[in-house]
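Peer 1: To start, I am sharing the structure in question, which I have written as structure tokens.
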Amino acid sequence: MEFLDQYRLDPLDLKIEGSNFRAQLYEPDPRVFGNDMKPTLAFKGTEMTSLADWSNNVSQSVDMKSPYYERAVDIGWKMRRTQAPIDIAGHSLGGGLCSAASVASGKDCWSFNAAGLHPKTVQHYGGQVTPSNINAYRVKGDILTVAQTWTPLPGAAGTAYPLPGSGSPVSRHFIWQAIDGIEQQKAEDISVLETLS
């Protein structure tokens, strides 16, 4: 509880009773991650069998009320009032929620194959869209990113960072593809640096 207090959050902020909405605050162990990694608020992504998740995905994308996004913006507003360091993260629906909380809070967001953020979503709940703090990692060929590109769906907010992937467009959406893509990119970067030294 005390850990959440420094971010102006309450355990009840991290879930919506009777829904599938979840967020969790993780504190890094300095023995593992060193002293540079900030605590991270992570938003849960879409559970494929959850009608509530899909309803919130669709509602927000077409500029209708979404309790999940309303809560994410509310969490962001609470975090705006703290100077304590914190990052926000999420995948798929969680990436969209991460983006909304980031816009409301001004804190950095790390999204992965994120749901698009409708330009009016944050405005409905009292904020303005300024996605400069959002790092949007996208696996090339991911089904959601492709849909955002070729349909009227809103695109993922933030600065896009394409990642390599493999398999079908659906399999490219899963978080393990983003993790593998980051690891591939890291290996390529290390190889380039080694040739320069």
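Ordered as shown in the structure tokens, chains take letters A, B, and onward, while each chain numbers its residues from 1 and ligands are numbered from 1 in the order shown.
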Quick one: everything within 10 Å of Leu41 of chain A, counting only C-alpha atoms, minus sequence neighbours fewer than 4 positions away in the same chain. Send it as a list in words.
Peer 2: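 Selected residues are Leu14, Ala23, Gln24, Leu25, Tyr26, Glu27, Ile75, Ile86, Asp87, Ile88, Ala89, Gly90, Cys98, Ala101 and Cys109 of chain A.
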Peer 1: Step one, run DSSP on the backbone; step two, keep only residues of segment 59-107 of chain A assigned to alpha helix (DSSP H); then write them as an NGL selection string.
Peer 2: :A and (59-61 or 67-80 or 93-105)
Peer 1: To one decimal in Å, tell me the separation between atom CA of Asn35 of chain A and atom CA of Val139 of chain A.
Peer 2: 29.3 Å
Peer 1: Which residue is closest to Lys15 of chain A? Choose from A:Lys44, A:Ala160, A:Asp29, A:Ser168 and count only C-alpha atoms.
Peer 2: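 Comparing A:Lys44, A:Ala160, A:Asp29, A:Ser168 against Lys15 of chain A, the winner is A:Lys44.
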Peer 1: If DSSP is run on the backbone, what residues of segment 29-158 of chain A are strand (DSSP E)? A reply as a list in words would be ideal.
Peer 2: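 Taking segment 29-158 of chain A and keeping strand (DSSP E) gives Thr40, Leu41, Ala42, Phe43, Asp87, Ile88, Ala89, Gly90, His91, Cys109, Trp110, Ser111, Phe112, Ile134, Asn135, Ala136, Tyr137, Arg138 and Val139 of chain A.
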Peer 1: Kindly export the residues of the current selection with C-alpha atoms, as a PDB file, in the first residue's frame.
Peer 2:
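And here's selection.pdb as it stands now:
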```pdb
ATOM      1  CA  THR A  40       6.654   0.089 -14.047  1.00  0.00           C
ATOM      2  CA  LEU A  41       2.880   0.231 -14.106  1.00  0.00           C
ATOM      3  CA  ALA A  42       1.761  -2.504 -16.525  1.00  0.00           C
ATOM      4  CA  PHE A  43      -1.709  -2.691 -18.067  1.00  0.00           C
ATOM      5  CA  ASP A  87       7.285   4.058 -16.426  1.00  0.00           C
ATOM      6  CA  ILE A  88       4.086   2.656 -17.921  1.00  0.00           C
ATOM      7  CA  ALA A  89       3.867  -0.416 -20.167  1.00  0.00           C
ATOM      8  CA  GLY A  90       1.324  -2.566 -21.967  1.00  0.00           C
ATOM      9  CA  HIS A  91       0.693  -4.901 -24.892  1.00  0.00           C
ATOM     10  CA  CYS A 109       5.073   4.647 -21.948  1.00  0.00           C
ATOM     11  CA  TRP A 110       6.490   1.520 -23.580  1.00  0.00           C
ATOM     12  CA  SER A 111       3.775  -0.063 -25.711  1.00  0.00           C
ATOM     13  CA  PHE A 112       3.965  -3.270 -27.735  1.00  0.00           C
ATOM     14  CA  ILE A 134       5.123   7.048 -25.950  1.00  0.00           C
ATOM     15  CA  ASN A 135       7.562   4.484 -27.375  1.00  0.00           C
ATOM     16  CA  ALA A 136       5.458   2.257 -29.628  1.00  0.00           C
ATOM     17  CA  TYR A 137       7.170  -1.030 -30.488  1.00  0.00           C
ATOM     18  CA  ARG A 138       5.448  -2.845 -33.360  1.00  0.00           C
ATOM     19  CA  VAL A 139       6.291  -6.202 -34.877  1.00  0.00           C
TER      20      VAL A 139
END
```
Peer 1: Give me, as a Markdown table, each residue of segment 82-129 of chain A that comes within 8 Å of segment 48-67 of chain A, together with its shortest interatomic pair and the distance in Å at one decimal, counting only C-alpha atoms, with rows ordered by chain and rising residue number.
Peer 2:
```
| residue | atom | partner | partner_atom | distance |
| --- | --- | --- | --- | --- |
| A:Leu93 | CA | A:Asn57 | CA | 6.6 |
| A:Ala115 | CA | A:Asn57 | CA | 7.5 |
| A:Gly116 | CA | A:Ser61 | CA | 6.8 |
| A:Leu117 | CA | A:Ser61 | CA | 6.8 |
| A:His118 | CA | A:Ser61 | CA | 5.6 |
| A:Lys120 | CA | A:Asp63 | CA | 6.7 |
| A:Thr121 | CA | A:Asp63 | CA | 6.5 |
```
